[in-house]
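> To be precise about what I am sending: the file is called query31.cif and holds mmCIF, C-alpha atoms.
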data_run
loop_
_atom_site.label_atom_id
_atom_site.label_comp_id
_atom_site.auth_asym_id
_atom_site.auth_seq_id
_atom_site.Cartn_x
_atom_site.Cartn_y
_atom_site.Cartn_z
CA VAL K 1 62.20 62.65 128.29
CA LEU K 2 65.22 64.95 127.91
CA PHE K 3 65.60 63.94 124.24
CA ARG K 4 61.95 64.76 123.54
CA SER K 5 62.30 68.16 125.26
CA VAL K 6 65.37 69.03 123.19
CA HIS K 7 63.66 67.83 120.02
CA SER K 8 60.52 69.89 120.79
CA PHE K 9 62.64 73.02 121.47
CA ILE K 10 64.60 72.67 118.25
CA PHE K 11 61.35 72.23 116.30
CA SER K 12 59.76 75.27 118.02
CA VAL K 13 62.57 77.61 116.91
CA ASN K 14 62.29 76.37 113.32
CA VAL K 15 65.65 74.56 113.18
CA ASN K 16 65.74 71.62 110.77
CA GLU K 17 66.93 68.33 112.17
CA VAL K 18 69.77 66.58 110.34
CA ARG K 19 69.32 62.86 110.67
CA LEU K 20 72.35 60.59 110.86
CA PRO K 21 72.75 57.69 108.42
CA GLN K 22 71.08 54.49 109.57
CA GLU K 23 74.37 52.75 110.39
CA TYR K 24 75.20 55.41 113.01
CA MET K 25 71.83 55.50 114.72
CA GLY K 26 71.83 54.47 118.37
CA LYS K 27 75.63 54.37 118.69
CA PRO K 28 77.71 56.36 121.18
CA PHE K 29 79.37 59.51 119.83
CA TYR K 30 82.94 58.15 119.99
CA GLU K 31 81.94 55.11 117.91
CA MET K 32 80.19 57.31 115.34
CA PHE K 33 83.20 59.62 115.12
CA ALA K 34 85.61 56.69 114.67
CA GLY K 35 83.37 55.18 111.99
CA ILE K 36 83.17 58.48 110.09
CA GLU K 37 86.97 58.87 110.18
CA THR K 38 87.48 55.30 108.93
CA ASN K 39 84.97 55.85 106.12
CA LYS K 40 86.70 59.15 105.23
CA LEU K 41 90.11 57.47 104.90
CA GLN K 42 88.61 54.76 102.69
CA LYS K 43 87.06 57.36 100.39
CA ILE K 44 90.38 59.24 100.14
CA GLU K 45 92.10 56.02 99.07
CA GLU K 46 89.38 55.37 96.49
CA ILE K 47 89.73 58.93 95.11
CA THR K 48 93.49 58.47 94.83
CA VAL K 49 93.07 55.24 92.88
CA ILE K 50 90.49 56.87 90.56
CA ASP K 51 92.80 59.88 89.98
CA GLU K 52 95.64 57.54 89.03
CA LYS K 53 93.41 55.74 86.55
CA LEU K 54 92.25 59.07 85.07
CA ALA K 55 95.87 60.23 84.76
CA ARG K 56 96.80 57.06 82.84
CA LEU K 57 93.73 57.49 80.59
CA SER K 58 94.64 61.14 80.00
CA VAL K 59 98.20 60.32 78.95
CA ALA K 60 96.98 57.55 76.67
CA TRP K 61 93.91 59.16 75.09
CA TYR K 62 93.71 62.92 75.76
CA GLN K 63 95.71 63.98 72.71
CA GLU K 64 93.62 61.91 70.31
CA LEU K 65 90.27 62.75 71.92
CA ALA K 66 91.08 66.49 72.00
CA VAL K 67 91.97 66.45 68.30
CA LEU K 68 88.79 64.51 67.47
CA LYS K 69 86.69 66.95 69.52
CA LYS K 70 88.20 69.93 67.69
CA THR K 71 87.73 68.19 64.32
CA PHE K 72 84.06 67.46 65.00
CA GLU K 73 83.54 71.05 66.15
CA ASP K 74 85.00 72.29 62.84
CA ILE K 75 82.78 69.89 60.87
CA SER K 76 79.73 71.02 62.85
CA GLU K 77 80.51 74.70 62.17
CA GLU K 78 81.02 73.97 58.46
CA LEU K 79 77.68 72.18 58.21
CA GLU K 80 75.94 75.09 59.96
CA GLU K 81 77.52 77.57 57.56
CA PHE K 82 76.50 75.51 54.50
CA ASN K 83 72.90 76.19 55.45
CA LYS K 84 73.58 79.89 54.87
CA PHE K 85 74.85 79.34 51.32
CA GLY K 86 72.67 79.31 48.24
CA TYR K 87 73.59 76.51 45.86
CA SER K 88 72.26 74.41 43.01
CA GLU K 89 73.63 71.61 40.86
CA PHE K 90 75.92 73.90 38.87
CA THR K 91 76.49 77.04 40.97
CA PHE K 92 76.55 78.51 44.46
CA VAL K 93 76.12 81.96 46.04
CA VAL K 94 77.78 83.20 49.26
CA MET K 95 76.93 86.52 50.90
CA GLY K 96 78.96 88.06 53.68
CA TRP K 97 80.71 91.13 55.04
CA ILE K 98 84.26 92.02 54.02
CA PRO K 99 86.22 95.12 55.19
CA LYS K 100 86.40 97.41 52.17
CA LYS K 101 90.18 97.82 52.51
CA PHE K 102 90.59 94.06 51.93
CA LEU K 103 88.09 93.71 49.06
CA GLN K 104 90.59 94.14 46.21
CA ARG K 105 93.07 91.76 47.80
CA ILE K 106 90.36 89.11 48.21
CA LYS K 107 89.28 89.54 44.59
CA GLU K 108 92.86 88.99 43.41
CA THR K 109 93.35 85.97 45.68
CA VAL K 110 90.13 84.32 44.51
CA LYS K 111 90.91 85.06 40.85
CA ASN K 112 94.39 83.53 41.19
CA ALA K 113 92.93 80.42 42.81
CA TYR K 114 89.78 79.86 40.73
CA GLY K 115 90.13 82.04 37.64
CA ASP K 116 86.83 83.21 36.19
CA THR K 117 84.78 80.40 37.73
CA VAL K 118 84.21 82.47 40.91
CA VAL K 119 83.02 86.08 40.70
CA ILE K 120 83.04 88.56 43.58
CA GLN K 121 80.56 91.43 43.35
CA GLU K 122 80.20 94.36 45.77
CA LEU K 123 76.52 94.75 46.65
CA GLY K 124 74.64 97.90 47.56
CA VAL K 125 73.56 98.08 51.19
CA THR K 126 70.55 99.90 52.64
CA ALA K 127 70.67 102.05 55.77
CA GLU K 128 68.78 99.38 57.70
CA GLU K 129 71.29 96.73 56.66
CA MET K 130 74.20 98.99 57.65
CA GLU K 131 72.79 99.09 61.18
CA LYS K 132 73.45 95.35 61.34
CA ALA K 133 76.93 95.56 59.82
CA PRO K 134 79.70 94.08 61.99
CA THR K 135 82.30 96.35 63.56
CA PHE K 136 85.84 96.09 62.24
CA TYR K 137 88.55 97.84 64.24
CA ASP K 138 90.90 99.58 61.81
CA ASN K 139 93.29 101.52 64.00
CA PRO K 140 97.00 102.42 63.82
CA ARG K 141 99.53 100.07 65.43
CA TRP K 142 99.88 102.20 68.57
CA VAL K 143 96.12 102.04 69.20
CA LYS K 144 95.80 98.25 68.78
CA PRO K 145 96.83 97.30 72.37
CA PHE K 146 94.07 99.50 73.80
CA GLU K 147 91.42 97.59 71.85
CA SER K 148 91.84 94.89 74.51
CA ILE K 149 90.36 97.33 77.06
CA MET K 150 87.37 97.75 74.75
CA GLN K 151 86.59 94.08 75.37
CA LEU K 152 85.19 95.19 78.75
CA VAL K 153 82.18 96.58 76.85
CA ARG K 154 80.28 95.45 73.79
CA PRO K 155 81.75 96.62 70.47
CA PRO K 156 80.55 99.94 69.03
CA LYS K 157 77.91 99.82 66.35
CA TYR K 158 79.06 100.21 62.76
CA ARG K 159 78.09 103.90 62.48
CA GLU K 160 79.28 104.74 65.98
CA ILE K 161 82.65 106.44 66.53
CA ASP K 162 85.26 103.99 67.78
CA PRO K 163 86.57 105.31 71.13
CA SER K 164 89.78 103.24 71.00
CA PRO K 165 91.99 106.11 69.67
CA PHE K 166 90.76 108.43 72.45
CA LEU K 167 91.45 105.68 74.97
CA ALA K 168 94.96 105.29 73.55
CA ILE K 169 95.60 109.03 73.95
CA PHE K 170 94.10 109.73 77.37
CA PHE K 171 94.86 106.47 79.22
CA PRO K 172 98.67 107.03 79.20
CA ILE K 173 98.17 110.72 80.09
CA PHE K 174 96.02 109.83 83.11
CA PHE K 175 98.50 107.11 84.11
CA GLY K 176 101.42 109.54 83.79
CA ILE K 177 99.66 112.26 85.80
CA MET K 178 98.99 109.84 88.66
CA VAL K 179 102.36 108.04 88.78
CA GLY K 180 104.59 110.87 87.50
CA ASP K 181 108.00 109.59 88.57
CA ILE K 182 111.03 109.09 86.32
CA GLY K 183 112.41 106.21 88.41
CA TYR K 184 109.05 104.46 88.59
CA GLY K 185 108.55 104.98 84.86
CA LEU K 186 111.91 103.35 84.07
CA VAL K 187 111.12 100.34 86.29
CA ILE K 188 107.64 99.92 84.74
CA LEU K 189 109.18 100.24 81.26
CA ALA K 190 111.77 97.56 82.05
CA PHE K 191 109.07 95.28 83.49
CA ALA K 192 106.91 95.74 80.37
CA LEU K 193 109.79 94.95 78.01
CA ILE K 194 110.76 91.85 80.02
CA ILE K 195 107.26 90.32 80.09
CA LYS K 196 106.81 91.10 76.39
CA ASN K 197 110.10 89.34 75.63
CA LYS K 198 109.25 86.32 77.79
CA LEU K 199 105.50 85.97 77.16
CA GLY K 200 104.99 87.98 73.98
CA THR K 201 103.32 85.07 72.19
CA ILE K 202 100.27 85.46 74.44
CA GLU K 203 98.10 88.21 72.92
CA PHE K 204 96.73 89.54 76.24
CA VAL K 205 100.21 89.77 77.78
CA ARG K 206 101.59 91.43 74.64
CA ASN K 207 98.83 94.06 74.70
CA LEU K 208 99.33 94.64 78.43
CA ALA K 209 103.07 95.09 77.90
CA ASP K 210 102.49 97.58 75.07
CA ILE K 211 100.02 99.58 77.21
CA LEU K 212 102.50 99.66 80.11
CA THR K 213 105.31 100.71 77.75
CA ILE K 214 103.36 103.69 76.40
CA SER K 215 102.13 104.60 79.90
CA ALA K 216 105.68 104.35 81.29
CA LEU K 217 106.89 106.90 78.74
CA ALA K 218 104.12 109.29 79.83
CA THR K 219 105.12 108.63 83.45
CA ILE K 220 108.72 109.63 82.72
CA ILE K 221 107.57 112.87 81.04
CA PHE K 222 105.36 113.87 83.98
CA GLY K 223 108.14 112.79 86.36
CA PHE K 224 110.37 115.37 84.71
CA ILE K 225 107.64 118.02 85.16
CA TYR K 226 107.14 117.10 88.83
CA GLY K 227 110.89 116.78 89.44
CA GLU K 228 110.49 113.26 90.86
CA PHE K 229 112.96 110.39 90.68
CA PHE K 230 111.94 107.76 93.25
CA GLY K 231 110.06 110.51 95.07
CA ASP K 232 112.25 113.41 96.14
CA PHE K 233 115.45 111.33 95.90
CA GLY K 234 116.46 112.95 92.59
CA GLU K 235 115.89 116.42 94.01
CA MET K 236 117.85 115.55 97.17
CA MET K 237 120.76 114.47 94.99
CA GLY K 238 120.52 117.65 92.93
CA TRP K 239 119.81 115.77 89.70
CA LEU K 240 116.54 117.51 88.83
CA HIS K 241 113.96 119.94 90.15
CA PRO K 242 110.25 120.52 89.52
CA VAL K 243 109.38 122.60 86.47
CA HIS K 244 108.41 126.19 87.26
CA TYR K 245 105.60 127.26 84.92
CA LEU K 246 102.71 129.76 85.10
CA GLY K 247 104.19 131.06 88.33
CA ILE K 248 103.84 127.61 89.92
CA THR K 249 106.52 125.17 90.99
CA TRP K 250 104.96 121.82 90.06
CA ASN K 251 106.04 119.94 93.17
CA ARG K 252 103.07 117.72 93.94
CA LEU K 253 103.62 117.89 97.70
CA GLU K 254 103.31 121.67 97.58
CA ALA K 255 101.18 122.47 94.51
CA ILE K 256 98.10 120.60 95.76
CA ILE K 257 95.53 123.23 94.75
CA PRO K 258 97.05 123.79 91.28
CA MET K 259 97.17 120.01 90.79
CA LEU K 260 93.49 119.77 91.78
CA ILE K 261 92.54 122.53 89.34
CA PHE K 262 94.65 120.85 86.64
CA ALA K 263 92.92 117.49 87.23
CA ILE K 264 89.43 119.02 87.09
CA GLY K 265 90.47 120.95 83.95
CA ILE K 266 91.42 117.61 82.36
CA GLY K 267 87.98 116.36 83.39
CA VAL K 268 86.27 119.31 81.69
CA ILE K 269 88.17 118.64 78.46
CA HIS K 270 87.45 114.90 78.58
CA VAL K 271 83.73 115.24 79.35
CA PHE K 272 83.27 118.00 76.74
CA LEU K 273 85.04 115.80 74.17
CA GLY K 274 82.64 112.97 75.05
CA LEU K 275 79.63 115.25 74.53
CA ILE K 276 81.00 116.46 71.16
CA ILE K 277 81.48 112.85 70.03
CA GLY K 278 77.95 112.15 71.25
CA ILE K 279 76.62 115.03 69.13
CA ILE K 280 78.40 113.64 66.06
CA ASN K 281 76.96 110.16 66.74
CA GLU K 282 73.43 111.54 67.10
CA VAL K 283 73.76 113.54 63.86
CA THR K 284 74.73 110.27 62.14
CA ARG K 285 71.79 108.45 63.73
CA LYS K 286 69.47 111.41 62.99
CA ASN K 287 68.05 111.22 66.50
CA LYS K 288 66.75 114.73 67.21
CA LYS K 289 65.89 114.22 70.87
CA HIS K 290 69.23 112.74 71.88
CA LEU K 291 70.97 115.40 69.79
CA SER K 292 69.07 118.13 71.65
CA GLU K 293 69.98 116.56 74.98
CA LYS K 294 73.71 116.42 74.13
CA VAL K 295 73.77 120.01 72.81
CA GLY K 296 71.82 121.21 75.84
CA MET K 297 74.20 119.45 78.22
CA LEU K 298 77.20 121.00 76.49
CA LEU K 299 75.65 124.48 76.73
CA ALA K 300 74.59 123.98 80.36
CA LEU K 301 78.06 122.91 81.49
CA SER K 302 79.63 125.77 79.54
CA GLY K 303 77.24 128.18 81.27
CA LEU K 304 78.03 126.81 84.74
CA ILE K 305 81.77 127.08 84.14
CA THR K 306 81.34 130.65 82.89
CA ILE K 307 79.33 131.52 86.02
CA ILE K 308 82.22 130.21 88.15
CA PHE K 309 84.64 132.44 86.21
CA LEU K 310 82.27 135.37 86.76
CA ALA K 311 82.15 134.70 90.50
CA LEU K 312 85.95 134.67 90.58
CA GLU K 313 85.99 137.91 88.56
CA MET K 314 88.12 136.28 85.87
CA ILE K 315 85.90 137.52 83.02
CA PRO K 316 83.90 140.74 82.50
CA SER K 317 80.61 141.03 84.42
CA TRP K 318 78.62 141.94 81.28
CA MET K 319 78.84 138.28 80.21
CA LEU K 320 76.32 137.34 82.93
CA TYR K 321 73.26 138.07 80.77
CA PRO K 322 74.38 136.07 77.72
CA VAL K 323 75.23 133.19 80.08
CA ILE K 324 71.73 133.26 81.59
CA ILE K 325 70.23 133.08 78.10
CA ILE K 326 72.55 130.15 77.22
CA VAL K 327 71.53 128.26 80.38
CA ILE K 328 67.80 128.80 79.68
CA VAL K 329 68.23 127.55 76.09
CA ALA K 330 70.20 124.59 77.43
CA LEU K 331 67.42 123.66 79.87
CA VAL K 332 64.81 123.82 77.10
CA LEU K 333 66.89 121.56 74.87
CA ILE K 334 67.54 119.07 77.70
CA ILE K 335 63.87 118.91 78.68
CA TYR K 336 62.89 118.39 75.03
CA GLY K 337 65.45 115.62 74.61
CA ALA K 338 65.31 113.83 77.99
CA GLY K 339 62.03 114.87 79.58
CA ALA K 340 61.23 116.79 82.75
CA MET K 341 63.85 114.94 84.79
CA GLY K 342 66.55 115.65 82.20
CA PRO K 343 68.02 118.70 84.03
CA MET K 344 68.98 116.34 86.88
CA GLU K 345 71.59 114.92 84.52
CA ILE K 346 73.43 118.25 84.68
CA MET K 347 74.44 117.53 88.27
CA SER K 348 75.46 114.03 87.25
CA ALA K 349 77.72 115.51 84.58
CA VAL K 350 79.19 117.94 87.12
CA GLY K 351 79.87 114.94 89.38
CA ASN K 352 81.60 113.22 86.47
CA ILE K 353 83.91 116.22 86.04
CA LEU K 354 84.70 116.40 89.76
CA SER K 355 85.49 112.68 89.67
CA TYR K 356 88.67 113.53 87.77
CA SER K 357 90.08 114.95 91.01
CA ARG K 358 91.21 111.37 91.65
CA LEU K 359 94.05 112.10 89.22
CA MET K 360 95.44 114.45 91.85
CA ALA K 361 94.48 112.41 94.90
CA ILE K 362 95.95 109.09 93.76
CA GLY K 363 99.10 110.81 92.52
CA LEU K 364 99.48 112.62 95.85
CA ALA K 365 99.14 109.33 97.74
CA SER K 366 101.86 107.81 95.54
CA VAL K 367 104.33 110.64 96.02
CA ILE K 368 103.70 110.71 99.79
CA LEU K 369 104.53 107.00 100.04
CA ALA K 370 107.70 107.60 98.00
CA PHE K 371 108.59 110.51 100.30
CA VAL K 372 108.03 108.32 103.38
CA ALA K 373 110.21 105.58 101.88
CA ASN K 374 113.10 108.04 101.44
CA LYS K 375 112.71 109.58 104.89
CA LEU K 376 112.55 106.19 106.64
CA GLY K 377 115.59 104.99 104.72
CA GLU K 378 117.46 108.17 105.63
CA ALA K 379 116.48 107.89 109.30
CA MET K 380 118.00 104.43 109.75
CA GLU K 381 121.42 104.47 111.44
CA ILE K 382 122.48 101.31 109.59
CA LEU K 383 122.94 102.22 105.92
CA ALA K 384 122.14 98.74 104.57
CA LEU K 385 118.92 98.57 106.60
CA GLY K 386 117.88 102.03 105.44
CA ILE K 387 118.47 101.11 101.79
CA LEU K 388 116.52 97.85 102.24
CA ILE K 389 113.52 99.63 103.79
CA ALA K 390 113.52 102.31 101.09
CA VAL K 391 113.79 99.72 98.29
CA LEU K 392 110.94 97.60 99.73
CA LEU K 393 108.61 100.59 100.13
CA HIS K 394 109.42 101.87 96.66
CA ALA K 395 108.82 98.37 95.24
CA LEU K 396 105.43 98.25 96.97
CA ASN K 397 104.62 101.70 95.62
CA ILE K 398 105.58 100.68 92.08
CA VAL K 399 103.32 97.60 92.25
CA LEU K 400 100.46 99.80 93.46
CA ALA K 401 101.32 102.32 90.74
CA MET K 402 100.83 99.69 88.04
CA PHE K 403 97.42 98.61 89.35
CA SER K 404 95.56 101.52 90.95
CA PRO K 405 96.19 104.18 88.23
CA SER K 406 95.33 101.63 85.54
CA ILE K 407 92.02 100.75 87.20
CA HIS K 408 91.07 104.39 87.76
CA SER K 409 92.09 105.38 84.23
CA VAL K 410 89.83 102.66 82.83
CA ARG K 411 87.01 103.77 85.15
CA LEU K 412 87.27 107.41 84.06
CA HIS K 413 86.87 106.25 80.46
CA LEU K 414 84.13 103.65 80.88
CA VAL K 415 81.99 105.66 83.33
CA GLU K 416 82.68 109.38 82.97
CA PHE K 417 83.71 109.51 79.29
CA PHE K 418 81.78 106.71 77.54
CA SER K 419 78.51 107.66 79.25
CA LYS K 420 78.44 110.86 77.17
CA PHE K 421 78.32 109.16 73.78
CA TYR K 422 78.81 105.40 73.80
CA GLN K 423 75.94 102.97 73.20
CA GLY K 424 77.72 99.84 72.01
CA GLY K 425 75.74 96.76 71.16
CA GLY K 426 77.56 96.14 67.88
CA ILE K 427 78.79 92.81 66.54
CA ALA K 428 82.53 92.35 66.22
CA TYR K 429 83.71 91.37 62.75
CA LYS K 430 84.86 87.76 62.80
CA PRO K 431 86.29 86.32 59.56
CA PHE K 432 84.95 82.97 58.42
CA LYS K 433 87.87 80.65 59.04
CA LYS K 434 89.02 77.68 61.03
CA GLU K 435 90.69 78.38 64.33
CA ILE K 436 94.21 76.98 64.40
CA THR K 437 95.38 75.51 67.69
CA SER K 438 99.16 75.53 67.98
CA SER K 439 99.39 72.56 70.32
CA ILE K 440 97.28 70.37 72.56
CA GLU K 441 99.04 69.15 75.66
CA PRO K 442 97.96 66.15 77.72
CA ARG K 443 96.42 67.12 81.03
CA SER K 444 96.21 65.41 84.37
CA PRO K 445 92.95 65.46 86.32
CA VAL K 446 92.70 68.17 88.94
#
Show me this structure written as structure tokens.


Amino acid sequence: VLFRSVHSFIFSVNVNEVRLPQEYMGKPFYEMFAGIETNKLQKIEEITVIDEKLARLSVAWYQELAVLKKTFEDISEELEEFNKFGYSEFTFVVMGWIPKKFLQRIKETVKNAYGDTVVIQELGVTAEEMEKAPTFYDNPRWVKPFESIMQLVRPPKYREIDPSPFLAIFFPIFFGIMVGDIGYGLVILAFALIIKNKLGTIEFVRNLADILTISALATIIFGFIYGEFFGDFGEMMGWLHPVHYLGITWNRLEAIIPMLIFAIGIGVIHVFLGLIIGIINEVTRKNKKHLSEKVGMLLALSGLITIIFLALEMIPSWMLYPVIIIVIVALVLIIYGAGAMGPMEIMSAVGNILSYSRLMAIGLASVILAFVANKLGEAMEILALGILIAVLLHALNIVLAMFSPSIHSVRLHLVEFFSKFYQGGGIAYKPFKKEITSSIEPRSPV
């Protein structure tokens, strides 16, 4: 009776019943528990035996099977590509994309290998075909590492401006503004050089090390401006002092408002640059509506900034009327390009600019932690303990300095900057070739 009551209650509250396997039905709980434990141990032994067999099979056959798999993949890709070739009994035709800078070299290579039996001809391409052209990154050596960050988004289209050079310029600047410590910069530089020396054969690690190296140099420069060497340790020792410029001593613990204005000023420059690039892209695409929207946004933000200067009495009051006209023209252009809700994007752009205040906030948090590390170390009566505490806190701060500023620098580019001009959706240029695997190591089952 009790069992039926419990069963009815469980069913009434919509709880599904889990039925035990048939061999456990009707047995006391302790017998069921003992049986489950025995069965569990047996299964563990069986898994161990199977893993040992798999390990022996892996040692004996993995190398050969992996090579065969890669060989068959290559053959499959070759057969698929043959379907794209035009050929007859006596000739064949291959069409494809080649970066123009490599065209002459390819012609010479083919001529040396095949003489006059193979002819390479540069074909004319229509505007529609150029829209489908693959994107080939052709940047200077110092920009190459930052192309790895571009892998977070789809490649730019062929006619779209490649943002990698701008990323290579502003990422280290943002990183340096936030970290801004000579001692931290030297440690990050040493770390980058060590991992590049040890793991430089791995492309991702090599790019990361190069990015950290460039960013560390910017960190050292801003550390000199802020007068920071492991926080205020350098200043305490009399080695350096913050730079005094524009009537401001650029000590981040004291110059909070100037640092905030400086960070937002960087945001204005970055967002305006994004809008200018967007205007150039839309001129190339010949998209009148998007062009009007970008121009209108640029004028609207310029008008708002001018109004702020007027309110602070930093510019003559007669400029109010031209600014009003500029704002009205900007609203007309935005509405034409983006519709009735387009003006709402002005506030979004203002929010993007204010988002750059994180350059000041994150940097202030870093310098405060460095300051606390020095004060705690100084407060300890036992010198060795004080040094240990200071070193540990500085080490923690350096680790945070390598991650948090990097993440926020990437965010400022991908969200605040790219949103002003970047569409993406291109196809990365991939040469037709076999992938070469350096080695295939036997693996044990996991």

> Which of these, K:Glu254, K:Glu147, K:Asp210, K:Asp181, has the shortest distance to K:Ile225 once you count only C-alpha atoms?

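The answer is K:Asp181, which sits nearest to K:Ile225.
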
> Considering all atoms listed in the file, state which residue in the set K:Asn352, K:Met236, K:Val243, K:Pro405 is at the smallest distance from K:Glu378.

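The shortest atom-to-atom distance to K:Glu378 comes from K:Met236.
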
> Distance atom CA of K:Pro163-atom CA of K:Val187, one decimal place?

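A separation of 29.3 Å between them.
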
> Could you name the residues that touch K:Asn281 at 9 Å or less, counting only C-alpha atoms, but leaving out those on the same chain fewer than 4 positions away, as a count of residues only?

11

> Any idea what's packed within 10 Å of K:Ile211, counting all atoms listed in the file, ignoring anything in its chain fewer than 3 positions away? Could you give it as a ChimeraX atom specification?

/K:142-146,148-149,168,171-172,192,205-208,214-216,406

> Under the PyMOL selection byres ((chain K and resi 343) around 10), which residues of this model are included? Write them out as a count of residues only.

20

> Write out as a CSV table (one decimal) with C-alpha atoms, in the coordinates of the input each polymer residue whose atoms come within 7 Å of stretch 132-140 of chain K, counting only C-alpha atoms; drop sequence neighbours fewer than 4 positions from it.


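Now in out_15.csv:
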chain,number,residue,atom,x,y,z
K,144,LYS,CA,95.8,98.2,68.8
K,155,PRO,CA,81.8,96.6,70.5
K,156,PRO,CA,80.6,99.9,69.0
K,157,LYS,CA,77.9,99.8,66.4
K,158,TYR,CA,79.1,100.2,62.8
K,426,GLY,CA,77.6,96.1,67.9
K,427,ILE,CA,78.8,92.8,66.5
K,428,ALA,CA,82.5,92.4,66.2
K,429,TYR,CA,83.7,91.4,62.8

> Could you list the residues chosen by the PyMOL selection byres ((chain K and resi 188) around 9) in this structure as a ChimeraX atom specification?

/K:183-187,189-193,212-213,215-216,398-399,402

> Just how far from atom CA of K:Leu393 is atom CA of K:Gly180, in Å to one decimal?

16.8 Å

> Hey, could you pull the box centre and edge lengths for stretch 191-210 of chain K, axis-aligned, 5 Å padding per side, all listed atoms, to one decimal in Å, as JSON?


{"center_x": 103.7, "center_y": 91.3, "center_z": 77.8, "size_x": 24.0, "size_y": 22.5, "size_z": 21.3}

> For K:Gly96, which of K:Asp232, K:Glu81, K:Glu45, K:Glu203 is the closest residue, counting only C-alpha atoms?

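Ranking K:Asp232, K:Glu81, K:Glu45, K:Glu203 by distance to K:Gly96, first place goes to K:Glu81.
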
> So how many Å separate atom CA of K:Gly274 and atom CA of K:Leu354, to one decimal?

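Answer for the atom CA of K:Gly274 to atom CA of K:Leu354 separation: 15.2 Å.
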
> Around (97.9, 118.4, 91.8), as given in the file, which residues come within 9 Å? Count all atoms listed in the file and list them as an MDAnalysis selection string.

chainID K and resid 177 250:263 357 359:361 363:364

> Any chance you can output those residues with C-alpha atoms as a short mmCIF file (atom, residue, chain, number, x, y, z; two decimals), in the frame of the given file?


data_model
loop_
_atom_site.label_atom_id
_atom_site.label_comp_id
_atom_site.auth_asym_id
_atom_site.auth_seq_id
_atom_site.Cartn_x
_atom_site.Cartn_y
_atom_site.Cartn_z
CA ILE K 177 99.66 112.26 85.80
CA TRP K 250 104.96 121.82 90.06
CA ASN K 251 106.04 119.94 93.17
CA ARG K 252 103.07 117.72 93.94
CA LEU K 253 103.62 117.89 97.70
CA GLU K 254 103.31 121.67 97.58
CA ALA K 255 101.18 122.47 94.51
CA ILE K 256 98.10 120.60 95.76
CA ILE K 257 95.53 123.23 94.75
CA PRO K 258 97.05 123.79 91.28
CA MET K 259 97.17 120.01 90.79
CA LEU K 260 93.49 119.77 91.78
CA ILE K 261 92.54 122.53 89.34
CA PHE K 262 94.65 120.85 86.64
CA ALA K 263 92.92 117.49 87.23
CA SER K 357 90.08 114.95 91.01
CA LEU K 359 94.05 112.10 89.22
CA MET K 360 95.44 114.45 91.85
CA ALA K 361 94.48 112.41 94.90
CA GLY K 363 99.10 110.81 92.52
CA LEU K 364 99.48 112.62 95.85
#

> List the neighbours of K:Val93 out to 12 Å using all atoms listed in the file; skip same-chain residues closer than 3 positions along the sequence, and give me the result as number ranges by chain.

K: 82-90, 96, 118-121

> Run the PyMOL selection byres ((chain K and resi 314-327) around 9) mentally over the shown coordinates, then write out the matched residues as JSON, numbers by chain, using the chain letters and numbers from the document.

{"K": [296, 299, 300, 301, 302, 303, 304, 306, 307, 308, 309, 310, 311, 312, 313, 328, 329, 330, 331, 332]}

> Which residues are close to K:Leu392, i.e. within 12 Å by all atoms listed in the file, leaving aside same-chain residues fewer than 4 positions away? Reply as a tab-separated table (two decimals) with C-alpha atoms, in the frame of the given file.


chain	number	residue	atom	x	y	z
K	369	LEU	CA	104.53	107.00	100.04
K	370	ALA	CA	107.70	107.60	98.00
K	372	VAL	CA	108.03	108.32	103.38
K	373	ALA	CA	110.21	105.58	101.88
K	374	ASN	CA	113.10	108.04	101.44
K	376	LEU	CA	112.55	106.19	106.64
K	377	GLY	CA	115.59	104.99	104.72
K	385	LEU	CA	118.92	98.57	106.60
K	386	GLY	CA	117.88	102.03	105.44
K	387	ILE	CA	118.47	101.11	101.79
K	388	LEU	CA	116.52	97.85	102.24
K	396	LEU	CA	105.43	98.25	96.97
K	397	ASN	CA	104.62	101.70	95.62
K	398	ILE	CA	105.58	100.68	92.08
K	399	VAL	CA	103.32	97.60	92.25

> For K:Val271, which residue out of K:Lys196, K:Lys294, K:Lys289, K:Lys40 is the nearest one, using all atoms listed in the file?

K:Lys294

> From the options K:Lys420, K:Arg411, K:Lys101, K:His244, which residue's atoms come nearest to K:Phe224, counting only C-alpha atoms?

K:His244
